[in-house]
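Source file model_36.pdb; content: PDB, C-alpha atoms and all ligand atoms.
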ATOM      1  CA  MET Q   1     111.239  77.262 126.514
ATOM      2  CA  ASN Q   2     114.752  76.675 125.173
ATOM      3  CA  ASP Q   3     116.481  73.394 124.324
ATOM      4  CA  VAL Q   4     116.991  72.366 127.948
ATOM      5  CA  CYS Q   5     114.827  74.554 130.198
ATOM      6  CA  GLU Q   6     111.125  75.239 130.471
ATOM      7  CA  VAL Q   7     109.048  77.614 132.625
ATOM      8  CA  VAL Q   8     106.490  75.696 134.688
ATOM      9  CA  THR Q   9     103.936  76.542 137.389
ATOM     10  CA  THR Q  10     104.642  75.006 140.806
ATOM     11  CA  THR Q  11     101.900  73.428 142.943
ATOM     12  CA  GLY Q  12     102.031  76.633 145.001
ATOM     13  CA  GLY Q  13     101.191  78.667 141.875
ATOM     14  CA  ALA Q  14     104.619  80.266 141.356
ATOM     15  CA  ARG Q  15     106.582  80.310 138.103
ATOM     16  CA  ALA Q  16     109.775  78.258 138.226
ATOM     17  CA  ILE Q  17     112.228  76.658 135.821
ATOM     18  CA  LEU Q  18     112.356  72.958 134.999
ATOM     19  CA  ASP Q  19     115.752  71.735 133.800
ATOM     20  CA  ARG Q  20     114.839  68.872 131.476
ATOM     21  CA  ARG Q  21     118.386  67.441 131.526
ATOM     22  CA  VAL Q  22     117.995  66.457 135.177
ATOM     23  CA  GLY Q  23     114.189  66.532 135.480
ATOM     24  CA  GLU Q  24     114.250  68.902 138.466
ATOM     25  CA  VAL Q  25     112.498  72.211 139.102
ATOM     26  CA  MET Q  26     114.522  75.058 140.587
ATOM     27  CA  HIS Q  27     112.757  76.299 143.749
ATOM     28  CA  PRO Q  28     109.833  73.827 143.613
ATOM     29  CA  VAL Q  29     106.476  74.309 145.410
ATOM     30  CA  VAL Q  30     106.698  77.777 147.001
ATOM     31  CA  GLY Q  31     108.690  79.241 144.111
ATOM     32  CA  PRO Q  32     111.883  81.227 143.571
ATOM     33  CA  ALA Q  33     111.170  84.505 145.381
ATOM     34  CA  ILE Q  34     109.946  82.924 148.642
ATOM     35  CA  GLU Q  35     112.714  80.301 148.737
ATOM     36  CA  ALA Q  36     115.402  82.875 148.005
ATOM     37  CA  ALA Q  37     114.204  84.926 150.973
ATOM     38  CA  ARG Q  38     113.357  82.158 153.464
ATOM     39  CA  LEU Q  39     116.125  79.662 152.747
ATOM     40  CA  TYR Q  40     118.984  82.006 151.883
ATOM     41  CA  CYS Q  41     118.759  85.775 152.513
ATOM     42  CA  GLU Q  42     116.887  85.662 155.842
ATOM     43  CA  PRO Q  43     118.854  82.831 157.540
ATOM     44  CA  ALA Q  44     122.073  84.518 156.381
ATOM     45  CA  ARG Q  45     120.820  87.769 158.011
ATOM     46  CA  LEU Q  46     122.010  89.352 154.816
ATOM     47  CA  ALA Q  47     120.217  92.687 155.242
ATOM     48  CA  ALA Q  48     121.788  93.191 158.693
ATOM     49  CA  ARG Q  49     125.242  92.058 157.556
ATOM     50  CA  LEU Q  50     125.087  94.548 154.695
ATOM     51  CA  GLN Q  51     124.732  97.347 157.253
ATOM     52  CA  ARG Q  52     128.063  96.524 158.930
ATOM     53  CA  SER Q  53     131.229  98.387 158.023
ATOM     54  CA  GLU Q  54     133.121  95.537 156.320
ATOM     55  CA  PRO Q  55     132.664  94.624 152.626
ATOM     56  CA  LEU Q  56     130.852  91.315 152.180
ATOM     57  CA  VAL Q  57     131.587  88.470 149.738
ATOM     58  CA  LEU Q  58     128.700  86.138 148.882
ATOM     59  CA  LEU Q  59     129.223  82.945 146.858
ATOM     60  CA  ASP Q  60     126.069  81.920 144.951
ATOM     61  CA  ILE Q  61     126.561  78.223 144.199
ATOM     62  CA  GLY Q  62     124.377  77.288 141.266
ATOM     63  CA  LEU Q  63     123.249  80.554 139.623
ATOM     64  CA  GLY Q  64     120.399  78.765 137.797
ATOM     65  CA  ALA Q  65     117.721  81.336 136.954
ATOM     66  CA  GLY Q  66     119.412  83.865 139.219
ATOM     67  CA  SER Q  67     116.659  83.930 141.862
ATOM     68  CA  ASN Q  68     118.898  83.671 144.939
ATOM     69  CA  ALA Q  69     121.458  86.021 143.443
ATOM     70  CA  ILE Q  70     118.945  88.681 142.439
ATOM     71  CA  ALA Q  71     117.339  88.604 145.901
ATOM     72  CA  ALA Q  72     120.766  89.362 147.405
ATOM     73  CA  TRP Q  73     121.494  91.952 144.702
ATOM     74  CA  ARG Q  74     118.195  93.734 145.398
ATOM     75  CA  LEU Q  75     118.915  93.850 149.168
ATOM     76  CA  SER Q  76     122.300  95.363 148.434
ATOM     77  CA  GLU Q  77     120.956  97.904 145.955
ATOM     78  CA  ALA Q  78     118.118  98.956 148.302
ATOM     79  CA  ARG Q  79     120.626 100.372 150.815
ATOM     80  CA  ALA Q  80     121.202 104.103 151.007
ATOM     81  CA  ALA Q  81     124.788 103.430 152.118
ATOM     82  CA  GLY Q  82     126.983 100.626 153.398
ATOM     83  CA  PRO Q  83     129.913  98.452 152.423
ATOM     84  CA  ARG Q  84     130.295  96.819 149.015
ATOM     85  CA  LEU Q  85     128.641  93.470 148.321
ATOM     86  CA  THR Q  86     130.671  91.243 146.007
ATOM     87  CA  LEU Q  87     128.281  88.616 144.699
ATOM     88  CA  VAL Q  88     129.969  85.761 142.830
ATOM     89  CA  SER Q  89     127.725  83.309 140.987
ATOM     90  CA  PHE Q  90     129.061  79.873 139.977
ATOM     91  CA  GLU Q  91     127.420  78.063 137.064
ATOM     92  CA  ARG Q  92     128.198  75.704 134.190
ATOM     93  CA  SER Q  93     125.084  76.410 132.094
ATOM     94  CA  LEU Q  94     123.433  79.767 131.435
ATOM     95  CA  ASP Q  95     120.286  78.295 129.842
ATOM     96  CA  ALA Q  96     118.040  78.868 132.880
ATOM     97  CA  LEU Q  97     119.031  82.511 133.310
ATOM     98  CA  ALA Q  98     118.674  83.175 129.578
ATOM     99  CA  LEU Q  99     115.135  81.759 129.671
ATOM    100  CA  ALA Q 100     114.135  83.646 132.841
ATOM    101  CA  LEU Q 101     115.342  86.884 131.201
ATOM    102  CA  GLN Q 102     113.007  86.515 128.223
ATOM    103  CA  PRO Q 103     110.599  89.510 128.223
ATOM    104  CA  GLU Q 104     107.542  87.306 128.845
ATOM    105  CA  HIS Q 105     109.142  85.720 131.955
ATOM    106  CA  ALA Q 106     111.411  88.388 133.464
ATOM    107  CA  ALA Q 107     108.876  89.891 135.899
ATOM    108  CA  SER Q 108     107.909  86.420 137.203
ATOM    109  CA  PHE Q 109     111.557  85.857 138.134
ATOM    110  CA  ASP Q 110     112.111  89.327 139.680
ATOM    111  CA  LEU Q 111     114.368  90.081 136.726
ATOM    112  CA  ASP Q 112     112.628  93.228 135.536
ATOM    113  CA  GLY Q 113     113.970  96.790 135.592
ATOM    114  CA  ALA Q 114     117.485  97.439 136.901
ATOM    115  CA  ALA Q 115     117.771  93.868 138.194
ATOM    116  CA  GLY Q 116     117.118  92.552 134.695
ATOM    117  CA  ALA Q 117     119.725  94.910 133.231
ATOM    118  CA  ALA Q 118     122.260  93.621 135.783
ATOM    119  CA  ALA Q 119     121.451  90.001 134.907
ATOM    120  CA  HIS Q 120     121.706  90.731 131.159
ATOM    121  CA  ALA Q 121     125.167  92.238 131.780
ATOM    122  CA  LEU Q 122     126.193  89.177 133.788
ATOM    123  CA  LEU Q 123     125.050  86.956 130.949
ATOM    124  CA  SER Q 124     126.839  88.885 128.207
ATOM    125  CA  ALA Q 125     129.937  90.257 129.970
ATOM    126  CA  GLY Q 126     130.268  88.076 133.084
ATOM    127  CA  ILE Q 127     130.197  91.115 135.383
ATOM    128  CA  HIS Q 128     127.958  93.994 136.457
ATOM    129  CA  GLU Q 129     128.919  96.796 138.826
ATOM    130  CA  THR Q 130     127.101  99.583 140.633
ATOM    131  CA  SER Q 131     128.327 101.843 143.431
ATOM    132  CA  ARG Q 132     127.106  99.258 145.987
ATOM    133  CA  THR Q 133     127.357  95.877 144.319
ATOM    134  CA  THR Q 134     129.711  93.875 142.121
ATOM    135  CA  TRP Q 135     128.099  90.795 140.553
ATOM    136  CA  ARG Q 136     130.489  88.418 138.859
ATOM    137  CA  LEU Q 137     130.100  85.058 137.098
ATOM    138  CA  VAL Q 138     132.516  82.159 137.528
ATOM    139  CA  ALA Q 139     131.667  79.875 134.617
ATOM    140  CA  GLY Q 140     132.728  76.257 134.849
ATOM    141  CA  GLU Q 141     132.438  73.015 136.684
ATOM    142  CA  LEU Q 142     131.998  72.950 140.453
ATOM    143  CA  PRO Q 143     133.502  72.146 142.897
ATOM    144  CA  GLY Q 144     136.793  72.775 141.033
ATOM    145  CA  SER Q 145     135.703  76.285 139.999
ATOM    146  CA  LEU Q 146     135.492  77.324 143.678
ATOM    147  CA  ALA Q 147     139.232  77.918 143.412
ATOM    148  CA  ASP Q 148     138.499  80.685 140.855
ATOM    149  CA  GLY Q 149     136.377  82.691 143.293
ATOM    150  CA  PRO Q 150     137.237  84.871 146.269
ATOM    151  CA  VAL Q 151     137.139  83.860 149.927
ATOM    152  CA  ALA Q 152     133.578  83.972 151.257
ATOM    153  CA  ASP Q 153     131.613  85.521 154.110
ATOM    154  CA  VAL Q 154     128.269  84.027 153.034
ATOM    155  CA  VAL Q 155     127.524  81.018 150.815
ATOM    156  CA  PHE Q 156     124.199  80.085 149.194
ATOM    157  CA  TRP Q 157     124.647  76.369 148.354
ATOM    158  CA  ASP Q 158     121.882  75.479 145.871
ATOM    159  CA  PRO Q 159     122.753  72.598 143.509
ATOM    160  CA  PHE Q 160     120.233  70.062 142.311
ATOM    161  CA  SER Q 161     119.466  67.063 144.550
ATOM    162  CA  PRO Q 162     122.129  64.518 145.540
ATOM    163  CA  ARG Q 163     120.666  62.188 142.898
ATOM    164  CA  ALA Q 164     121.400  64.688 140.107
ATOM    165  CA  ASN Q 165     124.439  66.400 141.629
ATOM    166  CA  PRO Q 166     126.233  63.877 143.905
ATOM    167  CA  GLU Q 167     129.577  65.647 143.372
ATOM    168  CA  LEU Q 168     128.252  68.777 145.095
ATOM    169  CA  TRP Q 169     127.031  67.060 148.278
ATOM    170  CA  SER Q 170     130.247  65.161 148.968
ATOM    171  CA  VAL Q 171     132.802  65.530 151.745
ATOM    172  CA  ALA Q 172     135.284  66.580 149.050
ATOM    173  CA  ALA Q 173     133.046  69.419 147.812
ATOM    174  CA  PHE Q 174     132.424  70.777 151.321
ATOM    175  CA  THR Q 175     136.131  70.467 152.141
ATOM    176  CA  ALA Q 176     136.896  72.573 149.046
ATOM    177  CA  LEU Q 177     134.247  75.057 150.193
ATOM    178  CA  ARG Q 178     135.627  75.210 153.757
ATOM    179  CA  ARG Q 179     138.985  76.307 152.290
ATOM    180  CA  ARG Q 180     137.188  79.258 150.628
ATOM    181  CA  CYS Q 181     135.443  80.442 153.831
ATOM    182  CA  ARG Q 182     136.904  83.028 156.188
ATOM    183  CA  ALA Q 183     136.233  83.335 159.939
ATOM    184  CA  GLY Q 184     132.624  84.331 160.517
ATOM    185  CA  ALA Q 185     131.424  82.769 157.247
ATOM    186  CA  THR Q 186     128.053  81.001 157.110
ATOM    187  CA  VAL Q 187     126.723  78.516 154.536
ATOM    188  CA  HIS Q 188     123.018  78.078 153.746
ATOM    189  CA  THR Q 189     121.400  75.199 151.893
ATOM    190  CA  TYR Q 190     117.901  73.809 151.413
ATOM    191  CA  SER Q 191     118.863  70.238 152.229
ATOM    192  CA  GLY Q 192     118.369  68.829 155.695
ATOM    193  CA  ALA Q 193     119.619  65.357 154.777
ATOM    194  CA  THR Q 194     121.672  63.591 157.416
ATOM    195  CA  ALA Q 195     124.410  62.764 154.888
ATOM    196  CA  VAL Q 196     124.669  66.432 153.883
ATOM    197  CA  ARG Q 197     125.009  67.508 157.516
ATOM    198  CA  SER Q 198     127.587  64.808 158.290
ATOM    199  CA  SER Q 199     129.603  65.844 155.205
ATOM    200  CA  LEU Q 200     129.636  69.465 156.371
ATOM    201  CA  LEU Q 201     130.821  68.353 159.826
ATOM    202  CA  LEU Q 202     133.525  66.138 158.285
ATOM    203  CA  ALA Q 203     134.652  69.136 156.215
ATOM    204  CA  GLY Q 204     135.214  71.116 159.413
ATOM    205  CA  PHE Q 205     132.086  73.274 159.650
ATOM    206  CA  PHE Q 206     129.843  73.621 162.686
ATOM    207  CA  VAL Q 207     126.337  72.634 161.575
ATOM    208  CA  GLY Q 208     122.821  73.616 162.599
ATOM    209  CA  VAL Q 209     119.199  73.269 161.621
ATOM    210  CA  GLY Q 210     117.735  75.935 159.336
ATOM    211  CA  GLU Q 211     114.192  77.041 158.683
ATOM    212  CA  PRO Q 212     111.571  74.678 157.218
ATOM    213  CA  THR Q 213     109.728  75.776 154.065
ATOM    214  CA  GLY Q 214     106.770  74.356 152.195
ATOM    215  CA  ALA Q 215     109.050  72.244 150.027
ATOM    216  CA  HIS Q 216     111.679  71.023 152.475
ATOM    217  CA  LYS Q 217     111.370  69.691 156.015
ATOM    218  CA  ALA Q 218     114.223  71.703 157.511
ATOM    219  CA  ALA Q 219     117.114  73.405 155.817
ATOM    220  CA  THR Q 220     120.715  73.515 157.076
ATOM    221  CA  CYS Q 221     123.041  76.302 158.185
ATOM    222  CA  ALA Q 222     126.767  75.683 158.598
ATOM    223  CA  ALA Q 223     129.312  78.057 160.062
ATOM    224  CA  VAL Q 224     133.038  78.435 160.509
ATOM    225  CA  ASP Q 225     132.391  79.662 164.086
ATOM    226  CA  ALA Q 226     130.009  77.777 166.390
ATOM    227  CA  ALA Q 227     128.659  81.048 167.818
ATOM    228  CA  ASP Q 228     127.072  81.889 164.446
ATOM    229  CA  LEU Q 229     124.595  78.987 164.634
ATOM    230  CA  GLU Q 230     121.168  79.590 166.161
ATOM    231  CA  ARG Q 231     120.183  75.905 166.376
ATOM    232  CA  PRO Q 232     123.283  73.678 166.341
ATOM    233  CA  LEU Q 233     122.838  69.941 165.864
ATOM    234  CA  ASP Q 234     122.985  68.303 169.294
ATOM    235  CA  ARG Q 235     123.831  64.899 170.757
ATOM    236  CA  ARG Q 236     120.342  63.586 169.934
ATOM    237  CA  TRP Q 237     121.153  64.204 166.259
ATOM    238  CA  LEU Q 238     124.456  62.384 166.763
ATOM    239  CA  ALA Q 239     122.576  59.403 168.239
ATOM    240  CA  ARG Q 240     120.252  59.372 165.206
ATOM    241  CA  LEU Q 241     123.307  59.485 162.925
ATOM    242  CA  GLY Q 242     124.590  56.368 164.683
ATOM    243  CA  ARG Q 243     121.342  54.547 163.807
ATOM    244  CA  SER Q 244     120.988  55.941 160.275
ATOM    245  CA  THR Q 245     121.472  53.702 157.258
ATOM    246  CA  ALA Q 246     122.022  56.708 154.954
ATOM    247  CA  GLY Q 247     124.058  58.930 157.230
ATOM    248  CA  PHE Q 248     127.135  59.534 155.091
ATOM    249  CA  ALA Q 249     128.103  60.591 151.566
ATOM    250  CA  ALA Q 250     129.762  57.995 149.345
ATOM    251  CA  ASP Q 251     133.203  59.558 149.844
ATOM    252  CA  ALA Q 252     133.038  59.669 153.669
ATOM    253  CA  PRO Q 253     135.972  57.897 155.327
ATOM    254  CA  ALA Q 254     135.513  54.500 156.972
ATOM    255  CA  ASP Q 255     135.769  56.047 160.459
ATOM    256  CA  ALA Q 256     133.333  58.873 159.616
ATOM    257  CA  TYR Q 257     131.066  58.283 162.625
ATOM    258  CA  GLN Q 258     133.988  58.449 165.077
ATOM    259  CA  ARG Q 259     135.256  61.614 163.405
ATOM    260  CA  VAL Q 260     131.846  63.290 163.650
ATOM    261  CA  ALA Q 261     131.408  62.145 167.256
ATOM    262  CA  HIS Q 262     134.738  63.805 168.151
ATOM    263  CA  HIS Q 263     133.849  67.065 166.363
ATOM    264  CA  PRO Q 264     134.119  69.991 168.851
ATOM    265  CA  GLN Q 265     130.416  70.660 168.251
ATOM    266  CA  PHE Q 266     129.533  67.577 170.323
ATOM    267  CA  ALA Q 267     132.160  68.002 173.054
TER
HETATM  268  C1  LIG A   1     118.785  74.170 141.718
HETATM  269  S1  LIG A   1     119.583  74.992 140.411
HETATM  270  C2  LIG A   1     120.029  76.566 141.106
HETATM  271  C3  LIG A   1     118.916  77.532 141.242
HETATM  272  C4  LIG A   1     119.411  78.943 141.503
HETATM  273  N1  LIG A   1     120.151  79.042 142.736
HETATM  274  C5  LIG A   1     118.331  79.984 141.453
HETATM  275  O1  LIG A   1     118.161  80.729 142.432
HETATM  276  O2  LIG A   1     117.657  80.072 140.416
HETATM  277  C6  LIG A   1     121.171  74.222 140.374
HETATM  278  C7  LIG A   1     122.121  74.858 139.384
HETATM  279  O3  LIG A   1     123.411  74.315 139.613
HETATM  280  C8  LIG A   1     124.050  74.145 138.367
HETATM  281  N2  LIG A   1     125.047  73.082 138.504
HETATM  282  C9  LIG A   1     124.783  71.777 138.786
HETATM  283  N3  LIG A   1     125.929  71.083 138.861
HETATM  284  C10 LIG A   1     126.941  71.950 138.594
HETATM  285  C11 LIG A   1     128.344  71.815 138.527
HETATM  286  N4  LIG A   1     128.941  70.634 138.745
HETATM  287  N5  LIG A   1     129.082  72.900 138.233
HETATM  288  C12 LIG A   1     128.469  74.104 138.021
HETATM  289  N6  LIG A   1     127.135  74.298 138.086
HETATM  290  C13 LIG A   1     126.370  73.229 138.366
HETATM  291  C14 LIG A   1     122.942  73.767 137.410
HETATM  292  O4  LIG A   1     123.292  74.067 136.069
HETATM  293  C15 LIG A   1     121.777  74.583 137.945
HETATM  294  O5  LIG A   1     121.631  75.784 137.247
END

What is this file in structure tokens?
Ligand SMILES: C[S@@+](CC[C@H](N)C(=O)[O-])C[C@H]1O[C@@H](n2cnc3c(N)ncnc32)[C@H](O)[C@@H]1O
Amino acid sequence: MNDVCEVVTTTGGARAILDRRVGEVMHPVVGPAIEAARLYCEPARLAARLQRSEPLVLLDIGLGAGSNAIAAWRLSEARAAGPRLTLVSFERSLDALALALQPEHAASFDLDGAAGAAAHALLSAGIHETSRTTWRLVAGELPGSLADGPVADVVFWDPFSPRANPELWSVAAFTALRRRCRAGATVHTYSGATAVRSSLLLAGFFVGVGEPTGAHKAATCAAVDAADLERPLDRRWLARLGRSTAGFAADAPADAYQRVAHHPQFA
């Protein structure tokens, strides 16, 4: 435990971190390792994309205890060869990572061995490099700090809930993110909320349904190119949006429904 974070056991029996400032557990129920794989690395097809010839830039939004980032880092480091992964983690508080790195917790958070050394370097120097992977920290307040990172190929979007982090589920935040995404980029988040999906559409992404996990009904994938979505939202979703009483973020424009309905995804 430190002043703001505490290690807890989820109902699924995994170790996870509770942030007492917001009262939320990072990776609740199934735990950090399974969520990092099922909600982020696998839907992003990260292992396959790391075998291509082009270098890859991954933005890790909300470093937290480093679980998503270290899962990506481990995939990159497990390769015998391949292009460089630049992993850029955005965070305003390093309390969760510092706690997860404590010797009594590190193995529970996959932060033992070389992965732990990389995370320690990130914590102390803000960067760690190997022949395959650069891992860099952008400290500061999102979404403004997005401007301090590189342009992305893959984004893991993992803030707290809209109750605790409304500024990171807004149309404005996703519009700032869209500006930092190149052609072919995909965005992965645990939330399947209608207002989150409509905000992504209003920001200019194509949007699809992601995989369900034990903790969340169905996650969301967004993409710069429609062809990168396996299960795009369809006109039945649009009809449900029309009936929803919580379909839009607070900063959505007054004509948000019309704008979404005219999105090329629903043409
Ligand atoms: C759900 S946790 C992330 C868990 C993390 N991805 C992991 O794998 O352990 C959300 C994180 O986002 C950070 N965060 C929330 N709002 C932020 C903001 N406005 N700017 C920067 N970081 C923020 C929190 O400090 C917290 O560590």

Contacts of chain Q with ligand LIG 1 (chain A) up to 9 Å, shortest pair per row, all atoms listed in the file, as CSV:
residue,atom,partner,partner_atom,distance
Q:Ala16,CA,A:LIG1,O2,8.4
Q:Ile17,CA,A:LIG1,O2,7.9
Q:Asp19,CA,A:LIG1,C15,7.8
Q:Glu24,CA,A:LIG1,C1,7.7
Q:Val25,CA,A:LIG1,C1,7.1
Q:Met26,CA,A:LIG1,C1,4.5
Q:His27,CA,A:LIG1,C1,6.7
Q:Pro32,CA,A:LIG1,O1,6.4
Q:Ala33,CA,A:LIG1,O1,8.5
Q:Glu35,CA,A:LIG1,O1,8.3
Q:Ala36,CA,A:LIG1,O1,6.6
Q:Asp60,CA,A:LIG1,N1,6.9
Q:Ile61,CA,A:LIG1,N1,6.6
Q:Gly62,CA,A:LIG1,O3,3.5
Q:Leu63,CA,A:LIG1,C4,4.6
Q:Gly64,CA,A:LIG1,O5,3.3
Q:Ala65,CA,A:LIG1,O2,3.7
Q:Gly66,CA,A:LIG1,O2,4.3
Q:Ser67,CA,A:LIG1,O1,3.6
Q:Asn68,CA,A:LIG1,O1,3.9
Q:Ala69,CA,A:LIG1,O1,6.3
Q:Ile70,CA,A:LIG1,O1,8.0
Q:Ala71,CA,A:LIG1,O1,8.6
Q:Ser89,CA,A:LIG1,N1,8.9
Q:Phe90,CA,A:LIG1,C12,6.1
Q:Glu91,CA,A:LIG1,N6,3.9
Q:Arg92,CA,A:LIG1,C12,4.2
Q:Ser93,CA,A:LIG1,O4,4.9
Q:Leu94,CA,A:LIG1,O5,7.3
Q:Asp95,CA,A:LIG1,O5,7.9
Q:Ala96,CA,A:LIG1,O5,6.4
Q:Leu97,CA,A:LIG1,O2,7.6
Q:Phe109,CA,A:LIG1,O2,8.7
Q:Ala139,CA,A:LIG1,C12,7.4
Q:Gly140,CA,A:LIG1,C12,5.7
Q:Glu141,CA,A:LIG1,N5,3.7
Q:Leu142,CA,A:LIG1,N5,3.7
Q:Pro143,CA,A:LIG1,N4,6.4
Q:Gly144,CA,A:LIG1,N5,8.2
Q:Ser145,CA,A:LIG1,N5,7.6
Q:Phe156,CA,A:LIG1,N1,7.7
Q:Trp157,CA,A:LIG1,N1,7.7
Q:Asp158,CA,A:LIG1,N1,5.1
Q:Pro159,CA,A:LIG1,C6,3.9
Q:Phe160,CA,A:LIG1,C1,4.4
Q:Ser161,CA,A:LIG1,C1,7.7
Q:Ala164,CA,A:LIG1,N3,7.9
Q:Asn165,CA,A:LIG1,N3,5.6
Q:Pro166,CA,A:LIG1,N3,8.8
Q:Glu167,CA,A:LIG1,N4,6.8
Q:Leu168,CA,A:LIG1,N4,6.7

Practice item. With the file shown as input, list the residues that the PyMOL selection byres (((chain Q and resi 133) around 9) and not hetatm) selects, as number ranges by chain. Key: Q: 73, 76-77, 83-87, 128-132, 134-135

Practice item. Please tell me which residues are no farther than 6 Å from (132.6, 86.7, 145.0) in the file, counting all atoms listed in the file, and write them as a PyMOL selection string. Key: chain Q and resi 57-59+86-88+149-150

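One finds atom CA of Q:Tyr40 at 20.7 Å from atom CA of Q:Ala203.
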
Exercise for review: Find the spatial neighbours of Q:Pro212, counting only C-alpha atoms, within a cut-off of 10 Å - ignore same-chain residues fewer than 6 positions away - and output them as a list in words.
Suggested key: Arg38, Leu39, Tyr190, Ser191, Gly192, Ala218, Ala219 and Thr220 of chain Q

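Every residue that the PyMOL selection byres (((chain Q and resi 205) around 10) and not hetatm) selects in this file is listed here: Phe174, Thr175, Leu177, Arg178, Cys181, Ala185, Thr186, Val187, Arg197, Ser198, Ser199, Leu200, Leu201, Leu202, Ala203, Gly204, Phe206, Val207, Gly208, Cys221, Ala222, Ala223, Val224, Asp225, Ala226, His263, Pro264 and Gln265 of chain Q.
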
Exercise for review: Just say which residues the PyMOL selection byres (((chain Q and resi 14) around 10) and not hetatm) picks in this file, as a PyMOL selection string.
Suggested key: chain Q and resi 8-13+15-16+27-34+108-109

Practice item. Please provide as number ranges by chain all residues within 9 Å of Q:Gly82, with the sequence filter that same-chain residues fewer than 3 positions apart are discarded (counting all atoms listed in the file). Key: Q: 50-55, 76, 79, 85, 132

Study note, to complete from the structure: Here atom CA of Q:Glu42 and atom CA of Q:Pro232 stand apart by 17.2 Å

Point to revise | Distance of atom CA of Q:Ala152 from atom CA of Q:Phe248, expressed in Å to one decimal place | key: 25.6 Å

Please define a box with edges along x, y and z of the file around all atoms of stretch 45-63 of chain Q given in the file, extend it by 4 Å on each side, and return its centre and edge lengths in Å to one decimal, as JSON.
{"center_x": 126.7, "center_y": 87.8, "center_z": 149.3, "size_x": 20.9, "size_y": 29.1, "size_z": 27.3}

Exercise for review: Determine the nearest neighbour of Q:Ala261 from the options Q:Ala239, Q:Asp110, Q:Ala249, Q:Val155, counting all atoms listed in the file.
Suggested key: Q:Ala239

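Using only C-alpha atoms, the shortest contact distance between Q:Glu6 and any of Q:Ala81, Q:Gln102, Q:Arg49, Q:Ala44 is found at Q:Gln102.
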
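Ranking Q:Pro43, Q:Gly23, Q:Thr194, Q:Arg180 by their shortest atom-to-atom distance to Q:Gly210, with only C-alpha atoms included, puts Q:Pro43 first.
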